[in-house]
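Peer 1: Can you keep this structure in mind? I'll have questions shortly.
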Amino acid sequence: MPDTPAAPDAPVLSVRDLTTEVATPEGRRVVVDRLSFDISAGETLCIAGESGSGKSMTALSIMRLLPQPMARIAGGSILLGGRDLAALGERDMRQVRGNDVAMIFQEPMTSLNPVLSIGHQLTEAIRVHRPMPAAEARNLAVKALAAVRIGEPERRLHQYPHELSGGMRQRVMIAMAISGSPKILIADEPTTALDVTVQAQILELIRSLQKDFGTAVILITHDMGVVAEMADRVIVMNGGAMVESGAARQIFHAPREEYTRMLLAAVPRLGAREATSGTAPPAPDGDGAVVTVSDLEVGFDIVGGLLRRPVQRVHAVEGISFDVRRGETLALVGESGCGKSTTGKALLNLVPWNGAITIDGMPIHGLGRTRMKPIRRTIQMIFQDPYASLDPRMTVGELVAEPLVIHGLATGSELADRVAWLFGRVGLSADQMQRHPHEFSGGQRQRVCIARALSLSPKVIVADESVSALDVSVQARVLALLQELQDEMGLSYIFISHDMAVVEQVSHRVAVMYLGQIVETGSRAQVFDDPRHPYTRRLLDAVLLPDPDRRRGHFPIADGEVPSPIHPVGEAPKRVAMTDLGQGHFVAG
Amino acid sequence: MTLATAPDGAGITPGAGARLGTVLSRLVRRPLALFGLAVIVIVVLAAVFAPLIAPFPPDEQLFEGLTLEGAPLPPDSTFLLGTDLLGRDLLSRLLYGARTSLIIGIVANGIAVAIGAMVGVSAGFFGGIVSGVLMRFTDLMMAFPALLLAIVLAAIFQPSLWIVALVIAMVNWTQIARVTYTETRSLAERDFVEAESAMGAGRTRILFRHIMPHLLPTIMVWATLGISTTVLLEATLSYLGIGVRPPIPSWGNIIFESQTYFTTAPWLVFFPGVAIILLALGFNLVGDALRDILDPTQKGRY
């Protein structure tokens, strides 16, 4: 067809009454229900919704990459430049993908082939669509990498996916996607698996590429902060159908539908703590500490060479100290690899460590399983992924009973009563006890995990990213439950998270971790209102506000790799010295 | 509190009796599994009641079982499946052979699976030096040609039915060890196992309550699949003269005795071949169904 330049407002893609069905054992299920929308060149359309809303299925329908043979487009049209993608043959569709429409996925590691070099995959992607000599494709690949702000692009071509960090991999994916100069870029949760500061960089990158190339972007996300930051227009989806659509400002400032309002209300907002939490800061008496950690050090050796000697050492946690008082929530916050999860595991003696930890007055260093067992009644843990941390072959009733059985605290009907009580306490019904974890939703599973952690009536619960895998509305309810349990039972939490907004909502005190060390610690007010360390400020800057009028604007894109906690054997990272700013506010340097 | 639904006092878990009942009732609801179960039951009954069913003694060389030229007879009304080279009734030999094949199949494979699973699970669960020693030994055994090993073992011990079963088990356990080893290792690193440690569960509890149940499907599949290979290995050993000694019939040695007459007397190879295939198929179908049924995440999906 003739290459007529489109009028500024003519849509590049127009979707009409798109309906997608999935075959399930119970019969056909409509996952996208008569969805219609247009998108013009240079525009960013965000499709927002919680899990199961059909947003990813919409993207896969447009790309015609629906899982075969379970899912199919049952009706409607997807018009791109006069052609209906819904009716296109697979051979023609292959030309459309990459050339006209390109897609980037949530998990960049699984979308890249681990055994081929970056350069190989990139040049292949280029040559599939435009046959050209290898050397020429290589030049284009270097340009594409430079376009996504990857430093030393020549060298990167020879690297393999595992040698790059998550953010770098996602940039490679974007480079691959834009290498065919597509008219439309579909990004399905492109930053969900990434750290906040990396997320900020990727979003900035998408925005600047869009400006340079005039690409239309369809951004699919569950994160209303990302929506507010990026969207020109927004479609809110729920249960496969469009709930509401409109300009970003209208959606955020004057939502018409109840569901949109609920979704927005559930988003944790930075600076909103006065409204949400009524907890008084705990009494700062020194002897009330249930957990004290001093000079904790955790390292893992990386073996290599013929003799499998340790060649490098991961300094996961490098000499941190803190304490947690009764009824208090201490948040350990930082990005992936900063050692926050490792610290949590050390508290339960799940990894070998050095230093001193006392739990309720008992030193736990070097205790074996048997001697550690009674201490585990004081400290329990809730893991990040509720599904992975529940044995899929057991019923949830058995799972919640497990700690009581292990510690021999109850049997028979007493055990059943106790489990039923715990179920009721976390908002589950006791007649669900005989079901298996896969029959529950993510939020319910996390409630099962909470019930299990509570069953021993511990004094301290380590919550490792316990709400990050949940939808915002579910997340808000689980956080409320945790808060309630704290008020009621005087629990102390060690709340491990990467999400500053959530941390602000739940914590009394905050410790910011970076490369295995605490760089700033203080009360919530001190850290959030008066952040002193540059890293804390960077974390706070990276948080997206669910308000299109308060966009962050420019966020600097680093062109190299993030510093790593891995050092050759014998070398140790420099310990930071803490400066006392008074009233418990400490900052490194 | 609503515990009325619970069949036993605990109310958290369905009782063990109820579980076995549901497994069986689910098994017979699948047509393929039912077919497999029927085949197994028929072979077992045939083996047990061979003396009652068999029309002739299995070792008797019948004068009327051969043509005047001394060739075996094709199936007719007297000899339902024909006769073999010595004029023995093939049906009778197959019925008695079912005993040998079942014993070898079940016992040899049972021992192989038990040894293999024990080695693989211990190596995978304990890791370190235990895993090093056990798995290197497994590698060594795998590197040894299986037949050569069987010949050596059979030469040392006087071949009898049980010795043959043991020899086959010695040869066959290595693959099972490998498979269970890798699976145990990946299970031991799963989050729910770490969660168990965090709760204070001891190693024994983790091993038996949280790792072994997950290995069951794999072991089940090997236990059923292995039976067919075991029957065939027994046949090979018989052919080499170190298997079950004639005149005791086994499905394998019937085939190997007659293989040179394959073109002139095809029934001699065909019927025992079909018997081996059906038995193997029966075990496979039941094994597959059991694996699905025992996996709670597969409930209602087939």
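We name chains A, B, ... following the order of the structure tokens; residues begin at 1 in each chain, and ligands are numbered from 1 as shown.
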When the cut-off is 7 Å and we count only C-alpha atoms, which residues of chain A are near chain B, given as a list in words?

Peer 2: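 Per the criterion, chain A yields Pro25, Leu348, Arg369, Lys373, Arg376, Gln380, Met381, Ala388, Ser389, Leu390, Asp391, Arg393, Thr395, Gly397, Glu398, Pro403, Ile406, Gly412, Ser413, Ala416, Ala430, Asp431, Met433, Gln434 and His438 of chain A.
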
Peer 1: Keeping only C-alpha atoms, write the selected residues as a PDB file, in the first residue's frame.

Peer 2:
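Listed below is the output, selection_3.pdb:
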ATOM      1  CA  PRO A  25     -11.686 -27.436  31.851  1.00  0.00           C
ATOM      2  CA  LEU A 348      16.501 -17.268  61.564  1.00  0.00           C
ATOM      3  CA  ARG A 369      18.669 -27.094  64.157  1.00  0.00           C
ATOM      4  CA  LYS A 373      14.189 -24.886  67.511  1.00  0.00           C
ATOM      5  CA  ARG A 376      11.971 -20.253  66.379  1.00  0.00           C
ATOM      6  CA  GLN A 380       9.038 -16.449  62.422  1.00  0.00           C
ATOM      7  CA  MET A 381       9.230 -15.520  58.782  1.00  0.00           C
ATOM      8  CA  ALA A 388       6.520 -21.114  46.467  1.00  0.00           C
ATOM      9  CA  SER A 389       6.752 -21.161  50.251  1.00  0.00           C
ATOM     10  CA  LEU A 390       3.745 -23.436  50.692  1.00  0.00           C
ATOM     11  CA  ASP A 391       4.231 -27.152  50.055  1.00  0.00           C
ATOM     12  CA  ARG A 393       1.037 -31.246  48.170  1.00  0.00           C
ATOM     13  CA  THR A 395      -3.705 -28.840  52.393  1.00  0.00           C
ATOM     14  CA  GLY A 397      -4.951 -26.669  57.050  1.00  0.00           C
ATOM     15  CA  GLU A 398      -1.981 -29.018  57.339  1.00  0.00           C
ATOM     16  CA  PRO A 403       4.569 -25.422  63.094  1.00  0.00           C
ATOM     17  CA  ILE A 406       6.689 -29.646  64.673  1.00  0.00           C
ATOM     18  CA  GLY A 412      -6.179 -33.732  67.709  1.00  0.00           C
ATOM     19  CA  SER A 413      -9.135 -31.457  68.189  1.00  0.00           C
ATOM     20  CA  ALA A 416      -7.920 -28.291  64.701  1.00  0.00           C
ATOM     21  CA  ALA A 430     -12.282 -22.565  58.389  1.00  0.00           C
ATOM     22  CA  ASP A 431     -14.023 -24.709  55.803  1.00  0.00           C
ATOM     23  CA  MET A 433      -8.788 -25.866  55.421  1.00  0.00           C
ATOM     24  CA  GLN A 434      -8.913 -28.986  53.288  1.00  0.00           C
ATOM     25  CA  HIS A 438      -3.207 -23.706  44.205  1.00  0.00           C
TER      26      HIS A 438
END

Peer 1: Any idea what's packed within 7 Å of stretch 119-129 of chain A, counting only C-alpha atoms, ignoring anything in its chain fewer than 4 positions away? Could you give it as a PyMOL selection string?

Peer 2: chain A and resi 95+99+137-138+141+157-158+176+179-180

Peer 1: Got a sec: who's within 9 Å of stretch 485-491 of chain A, counting only C-alpha atoms, leaving out chain neighbours fewer than 2 positions off, as a list in words?

Peer 2: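 Those residues are Thr279, Arg326, Gly327, Glu328, Thr329, Arg425, Val426, Ser457, Pro458, Lys459, Val460, Ile461, Ala480, Leu481, Leu482, Gln483 and Tyr493 of chain A.
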
Peer 1: Quote the spacing between atom CA of B:Leu73 and atom CA of B:Asn253 in Å to one decimal place.

Peer 2: 18.9 Å

Peer 1: Find the residues near A:Gln106: any atom within 8 Å, counting only C-alpha atoms, skip ones fewer than 4 places away on the same chain, and give them as a list in words.

Peer 2: Ala187, Asp188, Glu189, Pro190, Thr191, Thr192 and Ala193 of chain A

Peer 1: What's the 12 Å shell around stretch 131-135 of chain B, counting only C-alpha atoms, without same-chain residues fewer than 2 positions away, as a PDB file with N, CA and C atoms, in the first residue's frame?

Peer 2:
ATOM      1  N   ILE B 115      16.893 -49.224  45.498  1.00  0.00           N
ATOM      2  CA  ILE B 115      18.307 -48.850  45.632  1.00  0.00           C
ATOM      3  C   ILE B 115      18.545 -47.474  45.004  1.00  0.00           C
ATOM      4  N   GLY B 116      18.032 -47.327  43.774  1.00  0.00           N
ATOM      5  CA  GLY B 116      18.260 -46.077  43.047  1.00  0.00           C
ATOM      6  C   GLY B 116      17.721 -44.891  43.806  1.00  0.00           C
ATOM      7  N   ALA B 117      16.493 -45.003  44.306  1.00  0.00           N
ATOM      8  CA  ALA B 117      15.872 -43.884  45.011  1.00  0.00           C
ATOM      9  C   ALA B 117      16.648 -43.579  46.290  1.00  0.00           C
ATOM     10  N   MET B 118      17.080 -44.650  46.986  1.00  0.00           N
ATOM     11  CA  MET B 118      17.790 -44.434  48.245  1.00  0.00           C
ATOM     12  C   MET B 118      19.102 -43.681  48.004  1.00  0.00           C
ATOM     13  N   VAL B 119      19.844 -44.160  46.999  1.00  0.00           N
ATOM     14  CA  VAL B 119      21.118 -43.519  46.677  1.00  0.00           C
ATOM     15  C   VAL B 119      20.879 -42.078  46.218  1.00  0.00           C
ATOM     16  N   GLY B 120      19.927 -41.912  45.276  1.00  0.00           N
ATOM     17  CA  GLY B 120      19.689 -40.589  44.702  1.00  0.00           C
ATOM     18  C   GLY B 120      19.205 -39.593  45.747  1.00  0.00           C
ATOM     19  N   VAL B 121      18.262 -40.020  46.578  1.00  0.00           N
ATOM     20  CA  VAL B 121      17.703 -39.106  47.572  1.00  0.00           C
ATOM     21  C   VAL B 121      18.758 -38.744  48.621  1.00  0.00           C
ATOM     22  N   SER B 122      19.521 -39.739  49.099  1.00  0.00           N
ATOM     23  CA  SER B 122      20.541 -39.417  50.110  1.00  0.00           C
ATOM     24  C   SER B 122      21.568 -38.452  49.535  1.00  0.00           C
ATOM     25  N   ALA B 123      22.016 -38.745  48.313  1.00  0.00           N
ATOM     26  CA  ALA B 123      23.026 -37.878  47.706  1.00  0.00           C
ATOM     27  C   ALA B 123      22.478 -36.471  47.526  1.00  0.00           C
ATOM     28  N   GLY B 124      21.241 -36.379  47.047  1.00  0.00           N
ATOM     29  CA  GLY B 124      20.662 -35.068  46.780  1.00  0.00           C
ATOM     30  C   GLY B 124      20.367 -34.299  48.047  1.00  0.00           C
ATOM     31  N   PHE B 125      19.937 -34.997  49.084  1.00  0.00           N
ATOM     32  CA  PHE B 125      19.510 -34.319  50.306  1.00  0.00           C
ATOM     33  C   PHE B 125      20.686 -33.932  51.183  1.00  0.00           C
ATOM     34  N   PHE B 126      21.657 -34.852  51.327  1.00  0.00           N
ATOM     35  CA  PHE B 126      22.758 -34.548  52.238  1.00  0.00           C
ATOM     36  C   PHE B 126      23.876 -33.758  51.570  1.00  0.00           C
ATOM     37  N   GLY B 127      23.994 -33.909  50.239  1.00  0.00           N
ATOM     38  CA  GLY B 127      24.989 -33.130  49.512  1.00  0.00           C
ATOM     39  C   GLY B 127      26.405 -33.427  49.982  1.00  0.00           C
ATOM     40  N   GLY B 128      27.296 -32.512  49.679  1.00  0.00           N
ATOM     41  CA  GLY B 128      28.675 -32.591  50.161  1.00  0.00           C
ATOM     42  C   GLY B 128      29.358 -33.899  49.830  1.00  0.00           C
ATOM     43  N   ILE B 129      30.043 -34.437  50.848  1.00  0.00           N
ATOM     44  CA  ILE B 129      30.855 -35.628  50.636  1.00  0.00           C
ATOM     45  C   ILE B 129      29.985 -36.843  50.322  1.00  0.00           C
ATOM     46  N   PHE B 137      30.145 -43.135  42.482  1.00  0.00           N
ATOM     47  CA  PHE B 137      29.952 -44.585  42.391  1.00  0.00           C
ATOM     48  C   PHE B 137      28.891 -44.905  41.331  1.00  0.00           C
ATOM     49  N   THR B 138      27.818 -44.108  41.338  1.00  0.00           N
ATOM     50  CA  THR B 138      26.770 -44.302  40.332  1.00  0.00           C
ATOM     51  C   THR B 138      27.336 -44.118  38.932  1.00  0.00           C
ATOM     52  N   ASP B 139      28.131 -43.074  38.753  1.00  0.00           N
ATOM     53  CA  ASP B 139      28.748 -42.838  37.446  1.00  0.00           C
ATOM     54  C   ASP B 139      29.593 -44.037  37.014  1.00  0.00           C
ATOM     55  N   LEU B 140      30.331 -44.559  37.986  1.00  0.00           N
ATOM     56  CA  LEU B 140      31.194 -45.709  37.702  1.00  0.00           C
ATOM     57  C   LEU B 140      30.350 -46.886  37.219  1.00  0.00           C
ATOM     58  N   MET B 141      29.247 -47.124  37.922  1.00  0.00           N
ATOM     59  CA  MET B 141      28.379 -48.231  37.546  1.00  0.00           C
ATOM     60  C   MET B 141      27.758 -47.998  36.179  1.00  0.00           C
ATOM     61  N   MET B 142      27.459 -46.736  35.886  1.00  0.00           N
ATOM     62  CA  MET B 142      26.851 -46.427  34.597  1.00  0.00           C
ATOM     63  C   MET B 142      27.852 -46.613  33.469  1.00  0.00           C
ATOM     64  N   THR B 174      20.944 -47.455  38.396  1.00  0.00           N
ATOM     65  CA  THR B 174      21.711 -46.210  38.231  1.00  0.00           C
ATOM     66  C   THR B 174      20.901 -45.047  37.655  1.00  0.00           C
ATOM     67  N   GLN B 175      20.063 -45.349  36.636  1.00  0.00           N
ATOM     68  CA  GLN B 175      19.295 -44.236  36.045  1.00  0.00           C
ATOM     69  C   GLN B 175      18.363 -43.623  37.078  1.00  0.00           C
ATOM     70  N   ILE B 176      17.751 -44.484  37.884  1.00  0.00           N
ATOM     71  CA  ILE B 176      16.811 -43.985  38.886  1.00  0.00           C
ATOM     72  C   ILE B 176      17.541 -43.111  39.906  1.00  0.00           C
ATOM     73  N   ALA B 177      18.751 -43.538  40.251  1.00  0.00           N
ATOM     74  CA  ALA B 177      19.545 -42.750  41.189  1.00  0.00           C
ATOM     75  C   ALA B 177      19.813 -41.359  40.622  1.00  0.00           C
ATOM     76  N   ARG B 178      20.193 -41.320  39.347  1.00  0.00           N
ATOM     77  CA  ARG B 178      20.480 -40.031  38.699  1.00  0.00           C
ATOM     78  C   ARG B 178      19.268 -39.109  38.724  1.00  0.00           C
ATOM     79  N   VAL B 179      18.136 -39.673  38.310  1.00  0.00           N
ATOM     80  CA  VAL B 179      16.926 -38.857  38.194  1.00  0.00           C
ATOM     81  C   VAL B 179      16.468 -38.353  39.567  1.00  0.00           C
ATOM     82  N   THR B 180      16.437 -39.244  40.557  1.00  0.00           N
ATOM     83  CA  THR B 180      15.973 -38.795  41.872  1.00  0.00           C
ATOM     84  C   THR B 180      16.970 -37.819  42.499  1.00  0.00           C
ATOM     85  N   TYR B 181      18.261 -38.005  42.188  1.00  0.00           N
ATOM     86  CA  TYR B 181      19.277 -37.102  42.725  1.00  0.00           C
ATOM     87  C   TYR B 181      19.014 -35.662  42.284  1.00  0.00           C
ATOM     88  N   THR B 182      18.888 -35.467  40.975  1.00  0.00           N
ATOM     89  CA  THR B 182      18.682 -34.097  40.479  1.00  0.00           C
ATOM     90  C   THR B 182      17.377 -33.522  41.019  1.00  0.00           C
ATOM     91  N   THR B 184      15.777 -34.322  43.812  1.00  0.00           N
ATOM     92  CA  THR B 184      15.893 -34.009  45.232  1.00  0.00           C
ATOM     93  C   THR B 184      16.651 -32.702  45.438  1.00  0.00           C
ATOM     94  N   ARG B 185      17.720 -32.550  44.649  1.00  0.00           N
ATOM     95  CA  ARG B 185      18.503 -31.312  44.800  1.00  0.00           C
ATOM     96  C   ARG B 185      17.669 -30.080  44.518  1.00  0.00           C
TER      97      ARG B 185
END

Peer 1: What separation in Å, quoted to one decimal, exists between atom CA of A:Asp17 and atom CA of A:Phe37?

Peer 2: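 So the two atoms, atom CA of A:Asp17 and atom CA of A:Phe37, lie 8.7 Å apart.
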
Peer 1: Need to verify the contact set: A:Ala241, 9 Å, only C-alpha atoms, exclusion of same-chain residues closer than 2 positions in sequence. Can you return it as number ranges by chain?

Peer 2: A: 31-35, 53-54, 236-239, 243

Peer 1: Tell me which of A:Arg155, A:His222, A:Arg269, A:Arg130 sits closest to A:Pro546, counting only C-alpha atoms.

Peer 2: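 Checking each candidate against A:Pro546, we get A:Arg269 as the closest.
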
Peer 1: Can you tell me, as a ChimeraX atom specification, which residues in stretch 322-486 of chain A count as alpha helix (DSSP H) by DSSP?

Peer 2: /A:340-347,369-372,396-406,412-425,442-454,472-486

Peer 1: Which residues, written as a list in words, have at least one atom at most 7 Å from stretch 25-31 of chain B, with only C-alpha atoms counted and residues fewer than 4 positions away on the same chain left out?

Peer 2: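 That gives Gly21, Phe35 and Ala289 of chain B.
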
Peer 1: May I have the selected residues written with C-alpha atoms, as a compact mmCIF listing (two decimals), in the first residue's frame?

Peer 2:
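As written to disk, part.txt reads:
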# COMPACT_ATOMS: atom_id res chain seq x y z
CA GLY B 21 -10.55 -45.02 48.33
CA PHE B 35 -7.68 -50.84 30.63
CA ALA B 289 -2.81 -42.18 35.84

Peer 1: For the atom pair atom CA of A:Arg169 and atom CA of A:Arg91, what is the interatomic distance in Å to one decimal place?

Peer 2: 28.6 Å
